[in-house]
Amino acid sequence: MTVNAVRQSRPGRLIRYGQFVLALSRAKSVLEFSLKLLPILSKVGLAWPAALLVQRTIQPLTAIQPLTAPAARRVLIIEKAVFNDDALEALDGSRELQVFGVKRAIVKAMAVGLLPRHIRGDDTYISDDPAAQRAKARYRDFCRAMARHLIRMGGYDLVLTGNWAYWAERELGAALEEMGTPFVVLHKEGIKPPARSELLRHLFRRTRGQFMGRSMLVYQEAEKEHQVYGGITREDQITIVGMPRMDRIHAWRRRAAGGEVPACAPRPMVLFLAFLPNNFLPSYSGIDSDLAWDELCRGSLRALYRLARENPEIDVIIRPRGQEVEETEALAAACSSRPANLRISADGDVQPLVQAAWVVAGHNTTVLLEGLASGKPVVVPHFAEALDQRYAGYLVDLGSAAEHPTSEEEFGARLKAHCAAPPRIAAELSPAAVAALDYWTGNSDGCAAERVRQAILREIGKCAGGN
């Protein structure tokens with residue numbers, strides 16, 4: 001390009017930037033405007049306008065510190081359900097840290113502009129395709145340039161996310177690490193039975209590769225082993241902190257034991273955490289398997305319908321995961337007409353239901369551990385396929401902390417027995433419950449949030465100290 005062409009291009013560029021800022025100021029929804037424009041900006045490499053847009057979408061998630069308070073470090077979290085609960089449980093109320101949130105869709109919008117479609121997935125990100133490798137390099141360069149502007153605009157000291165393998169965040173994490181800004185994962189997934197962990201370790205080595213950020217905060221020792229033995233993360237990058245959102249459950253249990261809050265609903269209530277036949281089995285990301293919890297799933301639903309039909313004074317709540325409501329409804333349709341005292345719903349937060357329940361039941365879910373931490377009796381159906389040794393490695397084993405009825409009839413009978421009288425909540429948990437919570441959540445003491453806070457402050461302190 002000639003000198004004259006360069007000179008002519010500068011006014012044109014200023015005009016375009018001016019038009020961009022004017023359009024941004026007039027937009028009704030900054031988020032909607034950003035989601036449409038960010039793929040274009042990343043594609044053409046305009047890092048400053050992209051950073052300005054991203055900054056405009058960021059919102060404070062914890063209180064602004066008063067001027068008289070010590071200067072708080074700024075943590076930017078990439079928002080995600082469940083992870084948000086863990087992050088805010090740990091960081092809300094801290095005088096040293098203030099939390100800001102950016103929508104995950106914003107990061108994805110930037111990635112879409114540069115990454116080809118066939119690698120836009122957590123399980124397809126690793127590719128030998130030279131064009132994909134070049135696209136990743138371009139996206140990392142863009143992230144590095146954009147992040148320099150963003151960090152200067154917002155004063156962020158650390159970026160926190162919920163999983164190391166989110167495809168749109170891989171190059172962002174690597175770019176931040178190269179810049180010296182900590183990219184830290186507070187890993188929200190930590191419940192993996194042993195056989196499932198082994199399966200995923202081998203799979204992720206081929207499809208997800210390695211963590212490219214600063215450090216990983218995990219719930220418990222089993223997740224640490226999964227990451228290290230799977231070649232995902234180095235041992236010196238991992239800190240075990242426990243499940244932060246479990247802290248509030250421990251606090252509720254102690255209040256309920258002291259009579260400060262109701263320990264359960266006035267009417268007997270069964271909370272059942274629904275599961276599908278493929279729950280935690282090898283049928284993952286295109287892998288075919290002949291294993292399925294077919295009879296365990298259907299038999300559990302039959303027992304719940306029978307319990308509700310024969311005991312109209314008992315409320316039965318079947319709680320599927322949000323994305324599994326339709327499949328659960330279809331399975332339940334085989335159980336004849338629905339009694340008026342039985343409800344299938346994924347609406348709202350599950351914790352009020354755990355607190356209201358007289359007994360919590362289910363299979364292979366974190367909510368059973370929340371039931372244990374709440375001091376409620378926990379019943380895990382253990383019949384049909386659960387008695388087959390081929391399935392043993394795919395069970396979340398709670399040991400003697402839970403009851404394990406070995407038939408459909410016994411399952412219903414145990415639930416009914418727990419509805420004969422309200423649960424008696426004790427301030428301190430049984431040794432069996434403590435052992436189960438330590439193994440699966442790393443949090444039997446209610447102090448995980450403080451461990452997370454200290455770990456984040458250490459990472460920020462290392463940067464401030466020049467390490």
# chains A, B, ... in the order shown; residues from 1 in each chain; ligands from 1

call {"tool": "closest_atom_pairs", "arguments": {"of": "region 152-246 of chain A", "to": "region 271-291 of chain A", "cutoff": "8 Å", "atoms": "only C-alpha atoms", "output": "Markdown table"}}
result
| residue | atom | partner | partner_atom | distance |
| --- | --- | --- | --- | --- |
| A:Lys192 | CA | A:Phe280 | CA | 7.8 |
| A:Pro193 | CA | A:Phe280 | CA | 7.8 |
| A:Arg196 | CA | A:Phe280 | CA | 6.7 |
| A:Leu199 | CA | A:Pro282 | CA | 7.3 |

call {"tool": "write_last_selection", "arguments": {"atoms": "C-alpha atoms", "output": "PDB file, in the first residue's frame"}}
result
ATOM      1  CA  LYS A 192     -17.756 -39.225  37.917  1.00  0.00           C
ATOM      2  CA  PRO A 193     -18.070 -42.895  38.894  1.00  0.00           C
ATOM      3  CA  ARG A 196     -17.012 -43.296  33.637  1.00  0.00           C
ATOM      4  CA  LEU A 199     -13.805 -43.727  29.739  1.00  0.00           C
TER       5      LEU A 199
END

call {"tool": "select_by_dssp", "arguments": {"residues": "region 213-329 of chain A", "states": "strand (DSSP E)", "output": "list in words"}}
result
Ser215, Met216, Leu217, Val218, Ile238, Thr239, Ile240, Met269, Val270, Leu271, Phe272, Leu273, Asp315, Val316, Ile317, Ile318 and Arg319 of chain A

call {"tool": "residues_around", "arguments": {"residues": "Gly412 (chain A)", "least_positions_apart": "2", "cutoff": "8 Å", "atoms": "only C-alpha atoms", "output": "PDB file with C-alpha atoms, in the first residue's frame"}}
result
ATOM      1  CA  ALA A 303     -42.891 -47.433  42.571  1.00  0.00           C
ATOM      2  CA  LEU A 304     -43.388 -43.675  42.858  1.00  0.00           C
ATOM      3  CA  ARG A 306     -47.898 -46.627  43.225  1.00  0.00           C
ATOM      4  CA  LEU A 307     -46.795 -44.782  46.372  1.00  0.00           C
ATOM      5  CA  GLU A 408     -39.081 -52.056  43.324  1.00  0.00           C
ATOM      6  CA  GLU A 409     -41.416 -52.987  46.187  1.00  0.00           C
ATOM      7  CA  GLU A 410     -38.809 -52.338  48.858  1.00  0.00           C
ATOM      8  CA  ARG A 414     -38.705 -47.345  52.301  1.00  0.00           C
ATOM      9  CA  LEU A 415     -40.049 -44.074  50.949  1.00  0.00           C
ATOM     10  CA  LYS A 416     -43.395 -44.625  52.657  1.00  0.00           C
TER      11      LYS A 416
END

call {"tool": "residues_around", "arguments": {"residues": "region 105-114 of chain A", "least_positions_apart": "3", "cutoff": "6 Å", "atoms": "only C-alpha atoms", "output": "MDAnalysis selection string"}}
result
chainID A and resid 35 38:40 42:43 135 139 168

call {"tool": "select_by_dssp", "arguments": {"residues": "region 337-409 of chain A", "states": "alpha helix (DSSP H)", "output": "list in words"}}
result
Gln351, Pro352, Leu353, Val354, Gln355, Ala356, Thr366, Val367, Leu368, Leu369, Glu370, Gly371, Leu372, Ala373, Glu408 and Glu409 of chain A

call {"tool": "write_last_selection", "arguments": {"atoms": "N, CA and C atoms", "output": "compact mmCIF listing (two decimals), in the first residue's frame"}}
result
# COMPACT_ATOMS: atom_id res chain seq x y z
N GLN A 351 -33.05 -26.51 45.62
CA GLN A 351 -32.77 -26.50 47.04
C GLN A 351 -34.01 -26.34 47.93
N PRO A 352 -34.98 -25.46 47.61
CA PRO A 352 -36.19 -25.41 48.43
C PRO A 352 -36.93 -26.75 48.49
N LEU A 353 -36.84 -27.53 47.42
CA LEU A 353 -37.48 -28.85 47.42
C LEU A 353 -36.74 -29.80 48.35
N VAL A 354 -35.41 -29.74 48.33
CA VAL A 354 -34.62 -30.58 49.25
C VAL A 354 -34.96 -30.22 50.69
N GLN A 355 -35.05 -28.94 50.97
CA GLN A 355 -35.36 -28.49 52.33
C GLN A 355 -36.76 -28.91 52.76
N ALA A 356 -37.70 -28.92 51.82
CA ALA A 356 -39.09 -29.29 52.14
C ALA A 356 -39.28 -30.80 52.25
N THR A 366 -25.79 -35.20 41.89
CA THR A 366 -25.24 -34.37 42.96
C THR A 366 -26.29 -34.02 44.01
N VAL A 367 -27.55 -33.94 43.60
CA VAL A 367 -28.60 -33.51 44.53
C VAL A 367 -28.76 -34.51 45.68
N LEU A 368 -28.45 -35.78 45.46
CA LEU A 368 -28.47 -36.74 46.56
C LEU A 368 -27.46 -36.33 47.64
N LEU A 369 -26.32 -35.82 47.21
CA LEU A 369 -25.31 -35.36 48.17
C LEU A 369 -25.79 -34.11 48.89
N GLU A 370 -26.54 -33.27 48.19
CA GLU A 370 -27.14 -32.11 48.85
C GLU A 370 -28.17 -32.57 49.87
N GLY A 371 -28.87 -33.67 49.57
CA GLY A 371 -29.79 -34.24 50.55
C GLY A 371 -29.07 -34.72 51.79
N LEU A 372 -27.92 -35.39 51.61
CA LEU A 372 -27.13 -35.82 52.76
C LEU A 372 -26.67 -34.63 53.58
N ALA A 373 -26.17 -33.58 52.91
CA ALA A 373 -25.70 -32.40 53.63
C ALA A 373 -26.83 -31.69 54.36
N GLU A 408 -38.14 -53.15 43.56
CA GLU A 408 -39.08 -52.06 43.32
C GLU A 408 -40.02 -51.90 44.51
N GLU A 409 -40.49 -53.02 45.06
CA GLU A 409 -41.42 -52.99 46.19
C GLU A 409 -40.75 -52.42 47.43

call {"tool": "residues_around", "arguments": {"residues": "Arg267 (chain A)", "least_positions_apart": "6", "cutoff": "8 Å", "atoms": "only C-alpha atoms", "output": "PyMOL selection string"}}
result
chain A and resi 313-315

call {"tool": "write_last_selection", "arguments": {"atoms": "C-alpha atoms", "output": "PDB file, in the first residue's frame"}}
result
ATOM      1  CA  GLU A 313     -51.592 -37.750  51.937  1.00  0.00           C
ATOM      2  CA  ILE A 314     -48.020 -37.955  50.527  1.00  0.00           C
ATOM      3  CA  ASP A 315     -46.807 -35.445  47.932  1.00  0.00           C
TER       4      ASP A 315
END

call {"tool": "residues_around", "arguments": {"residues": "region 340-344 of chain A", "least_positions_apart": "4", "cutoff": "6 Å", "atoms": "only C-alpha atoms", "output": "VMD selection string"}}
result
chain A and resid 315 to 319

call {"tool": "write_last_selection", "arguments": {"atoms": "N, CA and C atoms", "output": "mmCIF file, in the first residue's frame"}}
result
data_model
loop_
_atom_site.group_PDB
_atom_site.id
_atom_site.type_symbol
_atom_site.label_atom_id
_atom_site.label_comp_id
_atom_site.auth_asym_id
_atom_site.auth_seq_id
_atom_site.Cartn_x
_atom_site.Cartn_y
_atom_site.Cartn_z
ATOM 1 N N ASP A 315 -47.123 -36.137 49.178
ATOM 2 C CA ASP A 315 -46.807 -35.445 47.932
ATOM 3 C C ASP A 315 -45.540 -36.062 47.333
ATOM 4 N N VAL A 316 -45.610 -36.413 46.061
ATOM 5 C CA VAL A 316 -44.469 -37.007 45.363
ATOM 6 C C VAL A 316 -44.039 -36.044 44.258
ATOM 7 N N ILE A 317 -42.809 -35.545 44.362
ATOM 8 C CA ILE A 317 -42.251 -34.626 43.377
ATOM 9 C C ILE A 317 -41.170 -35.363 42.599
ATOM 10 N N ILE A 318 -41.355 -35.490 41.288
ATOM 11 C CA ILE A 318 -40.342 -36.075 40.410
ATOM 12 C C ILE A 318 -39.635 -34.926 39.712
ATOM 13 N N ARG A 319 -38.344 -34.820 39.935
ATOM 14 C CA ARG A 319 -37.560 -33.683 39.455
ATOM 15 C C ARG A 319 -36.539 -34.143 38.412
#

call {"tool": "atom_distance", "arguments": {"atom1": "CA of Glu327 (chain A)", "atom2": "CA of Phe383 (chain A)"}}
result
21.5 Å

call {"tool": "residues_around", "arguments": {"residues": "region 434-447 of chain A", "least_positions_apart": "5", "cutoff": "8 Å", "atoms": "only C-alpha atoms", "output": "JSON, numbers by chain"}}
result
{"A": [190, 191, 219, 220, 221, 222, 240, 241, 242, 243, 244, 246, 247, 248, 249, 250, 251, 369, 372, 373, 398, 399, 401, 429]}

call {"tool": "write_last_selection", "arguments": {"atoms": "C-alpha atoms", "output": "JSON list (two decimals), in the first residue's frame"}}
result
[["chain", "number", "residue", "atom", "x", "y", "z"],
["A", 190, "GLY", "CA", -16.87, -33.43, 39.68],
["A", 191, "ILE", "CA", -19.21, -36.42, 40.01],
["A", 219, "TYR", "CA", -14.14, -30.33, 44.20],
["A", 220, "GLN", "CA", -12.28, -33.42, 45.36],
["A", 221, "GLU", "CA", -9.36, -35.82, 45.04],
["A", 222, "ALA", "CA", -11.13, -38.04, 42.49],
["A", 240, "ILE", "CA", -8.80, -29.12, 45.81],
["A", 241, "VAL", "CA", -11.34, -26.70, 47.30],
["A", 242, "GLY", "CA", -14.64, -28.57, 47.61],
["A", 243, "MET", "CA", -18.07, -27.67, 46.24],
["A", 244, "PRO", "CA", -18.71, -24.06, 47.32],
["A", 246, "MET", "CA", -22.63, -26.88, 49.50],
["A", 247, "ASP", "CA", -21.67, -24.32, 52.19],
["A", 248, "ARG", "CA", -25.16, -22.82, 52.27],
["A", 249, "ILE", "CA", -26.65, -26.29, 52.69],
["A", 250, "HIS", "CA", -24.51, -27.00, 55.75],
["A", 251, "ALA", "CA", -25.56, -23.62, 57.15],
["A", 369, "LEU", "CA", -25.31, -35.36, 48.17],
["A", 372, "LEU", "CA", -27.13, -35.82, 52.76],
["A", 373, "ALA", "CA", -25.70, -32.40, 53.63],
["A", 398, "LEU", "CA", -22.80, -43.34, 48.79],
["A", 399, "GLY", "CA", -22.03, -46.33, 51.01],
["A", 401, "ALA", "CA", -24.84, -42.90, 54.17],
["A", 429, "LEU", "CA", -23.62, -35.30, 60.20]]

call {"tool": "closest_residue", "arguments": {"among": "A:Gly231, A:Gly121, A:Gly209, A:Gly375", "to": "Ala433 (chain A)", "atoms": "only C-alpha atoms"}}
result
A:Gly375

call {"tool": "closest_residue", "arguments": {"among": "A:Ala384, A:Cys264, A:Ala333, A:Leu172", "to": "Pro423 (chain A)", "atoms": "only C-alpha atoms"}}
result
A:Cys264

call {"tool": "decode", "arguments": {"residues": "region 261-404 of chain A", "atoms": "C-alpha atoms", "output": "PDB file, in the first residue's frame"}}
result
ATOM      1  CA  VAL A 261     -36.164 -22.594  60.094  1.00  0.00           C
ATOM      2  CA  PRO A 262     -38.655 -25.394  59.280  1.00  0.00           C
ATOM      3  CA  ALA A 263     -36.926 -28.733  58.778  1.00  0.00           C
ATOM      4  CA  CYS A 264     -39.462 -29.953  56.182  1.00  0.00           C
ATOM      5  CA  ALA A 265     -42.856 -29.289  54.598  1.00  0.00           C
ATOM      6  CA  PRO A 266     -46.013 -29.702  56.752  1.00  0.00           C
ATOM      7  CA  ARG A 267     -47.247 -32.572  54.551  1.00  0.00           C
ATOM      8  CA  PRO A 268     -45.139 -35.670  53.911  1.00  0.00           C
ATOM      9  CA  MET A 269     -43.148 -35.135  50.734  1.00  0.00           C
ATOM     10  CA  VAL A 270     -40.915 -37.386  48.627  1.00  0.00           C
ATOM     11  CA  LEU A 271     -38.385 -35.719  46.309  1.00  0.00           C
ATOM     12  CA  PHE A 272     -37.173 -38.041  43.553  1.00  0.00           C
ATOM     13  CA  LEU A 273     -34.352 -36.940  41.252  1.00  0.00           C
ATOM     14  CA  ALA A 274     -35.315 -38.501  37.942  1.00  0.00           C
ATOM     15  CA  PHE A 275     -32.762 -40.129  35.639  1.00  0.00           C
ATOM     16  CA  LEU A 276     -32.772 -41.538  32.126  1.00  0.00           C
ATOM     17  CA  PRO A 277     -31.701 -45.039  31.034  1.00  0.00           C
ATOM     18  CA  ASN A 278     -28.323 -43.778  29.750  1.00  0.00           C
ATOM     19  CA  ASN A 279     -27.398 -41.902  32.950  1.00  0.00           C
ATOM     20  CA  PHE A 280     -23.581 -41.896  33.447  1.00  0.00           C
ATOM     21  CA  LEU A 281     -23.182 -44.908  31.146  1.00  0.00           C
ATOM     22  CA  PRO A 282     -20.731 -45.277  28.200  1.00  0.00           C
ATOM     23  CA  SER A 283     -23.260 -43.934  25.656  1.00  0.00           C
ATOM     24  CA  TYR A 284     -21.415 -40.626  25.311  1.00  0.00           C
ATOM     25  CA  SER A 285     -20.656 -38.457  22.303  1.00  0.00           C
ATOM     26  CA  GLY A 286     -21.478 -41.093  19.696  1.00  0.00           C
ATOM     27  CA  ILE A 287     -20.177 -44.085  21.679  1.00  0.00           C
ATOM     28  CA  ASP A 288     -22.573 -47.028  21.441  1.00  0.00           C
ATOM     29  CA  SER A 289     -23.202 -49.227  24.463  1.00  0.00           C
ATOM     30  CA  ASP A 290     -25.566 -52.072  25.303  1.00  0.00           C
ATOM     31  CA  LEU A 291     -25.726 -50.891  28.927  1.00  0.00           C
ATOM     32  CA  ALA A 292     -28.882 -49.051  30.010  1.00  0.00           C
ATOM     33  CA  TRP A 293     -30.735 -48.499  33.284  1.00  0.00           C
ATOM     34  CA  ASP A 294     -33.980 -49.510  31.562  1.00  0.00           C
ATOM     35  CA  GLU A 295     -35.654 -51.502  34.333  1.00  0.00           C
ATOM     36  CA  LEU A 296     -34.140 -49.487  37.182  1.00  0.00           C
ATOM     37  CA  CYS A 297     -35.542 -46.313  35.623  1.00  0.00           C
ATOM     38  CA  ARG A 298     -38.998 -47.678  34.819  1.00  0.00           C
ATOM     39  CA  GLY A 299     -39.264 -49.646  38.050  1.00  0.00           C
ATOM     40  CA  SER A 300     -38.432 -46.565  40.133  1.00  0.00           C
ATOM     41  CA  LEU A 301     -41.150 -44.570  38.369  1.00  0.00           C
ATOM     42  CA  ARG A 302     -43.675 -47.364  38.858  1.00  0.00           C
ATOM     43  CA  ALA A 303     -42.891 -47.433  42.571  1.00  0.00           C
ATOM     44  CA  LEU A 304     -43.388 -43.675  42.858  1.00  0.00           C
ATOM     45  CA  TYR A 305     -46.715 -43.758  41.018  1.00  0.00           C
ATOM     46  CA  ARG A 306     -47.898 -46.627  43.225  1.00  0.00           C
ATOM     47  CA  LEU A 307     -46.795 -44.782  46.372  1.00  0.00           C
ATOM     48  CA  ALA A 308     -48.703 -41.633  45.346  1.00  0.00           C
ATOM     49  CA  ARG A 309     -51.812 -43.523  44.256  1.00  0.00           C
ATOM     50  CA  GLU A 310     -52.049 -45.570  47.457  1.00  0.00           C
ATOM     51  CA  ASN A 311     -51.106 -42.692  49.794  1.00  0.00           C
ATOM     52  CA  PRO A 312     -52.913 -39.472  48.796  1.00  0.00           C
ATOM     53  CA  GLU A 313     -51.592 -37.750  51.937  1.00  0.00           C
ATOM     54  CA  ILE A 314     -48.020 -37.955  50.527  1.00  0.00           C
ATOM     55  CA  ASP A 315     -46.807 -35.445  47.932  1.00  0.00           C
ATOM     56  CA  VAL A 316     -44.469 -37.007  45.363  1.00  0.00           C
ATOM     57  CA  ILE A 317     -42.251 -34.626  43.377  1.00  0.00           C
ATOM     58  CA  ILE A 318     -40.342 -36.075  40.410  1.00  0.00           C
ATOM     59  CA  ARG A 319     -37.560 -33.683  39.455  1.00  0.00           C
ATOM     60  CA  PRO A 320     -35.815 -34.291  36.093  1.00  0.00           C
ATOM     61  CA  ARG A 321     -32.946 -32.235  34.723  1.00  0.00           C
ATOM     62  CA  GLY A 322     -34.248 -29.302  32.707  1.00  0.00           C
ATOM     63  CA  GLN A 323     -33.317 -30.814  29.343  1.00  0.00           C
ATOM     64  CA  GLU A 324     -34.780 -34.233  30.270  1.00  0.00           C
ATOM     65  CA  VAL A 325     -38.363 -33.271  31.122  1.00  0.00           C
ATOM     66  CA  GLU A 326     -39.924 -34.570  27.898  1.00  0.00           C
ATOM     67  CA  GLU A 327     -38.128 -37.922  28.059  1.00  0.00           C
ATOM     68  CA  THR A 328     -39.074 -38.330  31.722  1.00  0.00           C
ATOM     69  CA  GLU A 329     -42.709 -37.534  30.918  1.00  0.00           C
ATOM     70  CA  ALA A 330     -42.649 -40.153  28.152  1.00  0.00           C
ATOM     71  CA  LEU A 331     -41.260 -42.815  30.493  1.00  0.00           C
ATOM     72  CA  ALA A 332     -43.792 -41.908  33.182  1.00  0.00           C
ATOM     73  CA  ALA A 333     -46.670 -42.182  30.697  1.00  0.00           C
ATOM     74  CA  ALA A 334     -46.348 -45.978  30.924  1.00  0.00           C
ATOM     75  CA  CYS A 335     -47.280 -45.811  34.637  1.00  0.00           C
ATOM     76  CA  SER A 336     -51.032 -45.308  33.964  1.00  0.00           C
ATOM     77  CA  SER A 337     -52.919 -42.178  35.024  1.00  0.00           C
ATOM     78  CA  ARG A 338     -51.083 -39.609  37.104  1.00  0.00           C
ATOM     79  CA  PRO A 339     -52.316 -39.199  40.718  1.00  0.00           C
ATOM     80  CA  ALA A 340     -53.186 -35.656  41.781  1.00  0.00           C
ATOM     81  CA  ASN A 341     -50.476 -35.708  44.467  1.00  0.00           C
ATOM     82  CA  LEU A 342     -47.664 -36.525  42.001  1.00  0.00           C
ATOM     83  CA  ARG A 343     -45.921 -33.793  40.010  1.00  0.00           C
ATOM     84  CA  ILE A 344     -43.150 -33.866  37.393  1.00  0.00           C
ATOM     85  CA  SER A 345     -41.358 -30.529  37.168  1.00  0.00           C
ATOM     86  CA  ALA A 346     -37.908 -29.002  36.627  1.00  0.00           C
ATOM     87  CA  ASP A 347     -39.027 -25.463  37.473  1.00  0.00           C
ATOM     88  CA  GLY A 348     -37.081 -23.289  39.904  1.00  0.00           C
ATOM     89  CA  ASP A 349     -34.180 -24.026  42.209  1.00  0.00           C
ATOM     90  CA  VAL A 350     -33.991 -27.552  43.595  1.00  0.00           C
ATOM     91  CA  GLN A 351     -32.771 -26.497  47.045  1.00  0.00           C
ATOM     92  CA  PRO A 352     -36.193 -25.409  48.431  1.00  0.00           C
ATOM     93  CA  LEU A 353     -37.477 -28.846  47.422  1.00  0.00           C
ATOM     94  CA  VAL A 354     -34.623 -30.579  49.248  1.00  0.00           C
ATOM     95  CA  GLN A 355     -35.362 -28.494  52.327  1.00  0.00           C
ATOM     96  CA  ALA A 356     -39.087 -29.289  52.142  1.00  0.00           C
ATOM     97  CA  ALA A 357     -38.613 -33.022  51.529  1.00  0.00           C
ATOM     98  CA  TRP A 358     -39.142 -35.669  54.173  1.00  0.00           C
ATOM     99  CA  VAL A 359     -36.961 -38.040  52.138  1.00  0.00           C
ATOM    100  CA  VAL A 360     -34.743 -37.543  49.061  1.00  0.00           C
ATOM    101  CA  ALA A 361     -34.336 -40.306  46.480  1.00  0.00           C
ATOM    102  CA  GLY A 362     -32.614 -40.742  43.147  1.00  0.00           C
ATOM    103  CA  HIS A 363     -29.683 -42.204  41.275  1.00  0.00           C
ATOM    104  CA  ASN A 364     -26.288 -40.797  40.226  1.00  0.00           C
ATOM    105  CA  THR A 365     -26.892 -37.122  40.932  1.00  0.00           C
ATOM    106  CA  THR A 366     -25.236 -34.375  42.961  1.00  0.00           C
ATOM    107  CA  VAL A 367     -28.597 -33.513  44.533  1.00  0.00           C
ATOM    108  CA  LEU A 368     -28.467 -36.738  46.565  1.00  0.00           C
ATOM    109  CA  LEU A 369     -25.307 -35.365  48.166  1.00  0.00           C
ATOM    110  CA  GLU A 370     -27.138 -32.113  48.848  1.00  0.00           C
ATOM    111  CA  GLY A 371     -29.794 -34.243  50.548  1.00  0.00           C
ATOM    112  CA  LEU A 372     -27.126 -35.822  52.758  1.00  0.00           C
ATOM    113  CA  ALA A 373     -25.700 -32.396  53.634  1.00  0.00           C
ATOM    114  CA  SER A 374     -29.228 -31.237  54.516  1.00  0.00           C
ATOM    115  CA  GLY A 375     -29.517 -34.057  57.029  1.00  0.00           C
ATOM    116  CA  LYS A 376     -32.370 -35.741  55.139  1.00  0.00           C
ATOM    117  CA  PRO A 377     -32.704 -39.502  54.698  1.00  0.00           C
ATOM    118  CA  VAL A 378     -31.475 -40.512  51.239  1.00  0.00           C
ATOM    119  CA  VAL A 379     -32.746 -43.582  49.384  1.00  0.00           C
ATOM    120  CA  VAL A 380     -31.043 -44.919  46.252  1.00  0.00           C
ATOM    121  CA  PRO A 381     -32.868 -47.642  44.263  1.00  0.00           C
ATOM    122  CA  HIS A 382     -30.504 -50.576  43.879  1.00  0.00           C
ATOM    123  CA  PHE A 383     -32.331 -53.247  41.932  1.00  0.00           C
ATOM    124  CA  ALA A 384     -32.498 -54.528  38.346  1.00  0.00           C
ATOM    125  CA  GLU A 385     -29.362 -53.381  36.435  1.00  0.00           C
ATOM    126  CA  ALA A 386     -27.810 -51.889  39.583  1.00  0.00           C
ATOM    127  CA  LEU A 387     -27.276 -55.471  40.829  1.00  0.00           C
ATOM    128  CA  ASP A 388     -25.418 -56.451  37.636  1.00  0.00           C
ATOM    129  CA  GLN A 389     -21.617 -56.303  38.083  1.00  0.00           C
ATOM    130  CA  ARG A 390     -21.184 -54.833  34.597  1.00  0.00           C
ATOM    131  CA  TYR A 391     -22.726 -51.610  35.955  1.00  0.00           C
ATOM    132  CA  ALA A 392     -20.757 -51.443  39.220  1.00  0.00           C
ATOM    133  CA  GLY A 393     -18.229 -48.884  37.927  1.00  0.00           C
ATOM    134  CA  TYR A 394     -20.992 -46.535  36.794  1.00  0.00           C
ATOM    135  CA  LEU A 395     -22.632 -46.057  40.192  1.00  0.00           C
ATOM    136  CA  VAL A 396     -22.170 -43.046  42.479  1.00  0.00           C
ATOM    137  CA  ASP A 397     -21.660 -45.121  45.614  1.00  0.00           C
ATOM    138  CA  LEU A 398     -22.799 -43.336  48.786  1.00  0.00           C
ATOM    139  CA  GLY A 399     -22.026 -46.325  51.008  1.00  0.00           C
ATOM    140  CA  SER A 400     -23.916 -46.611  54.268  1.00  0.00           C
ATOM    141  CA  ALA A 401     -24.836 -42.904  54.173  1.00  0.00           C
ATOM    142  CA  ALA A 402     -27.819 -43.887  51.994  1.00  0.00           C
ATOM    143  CA  GLU A 403     -30.345 -46.726  51.958  1.00  0.00           C
ATOM    144  CA  HIS A 404     -30.212 -49.087  48.972  1.00  0.00           C
TER     145      HIS A 404
END
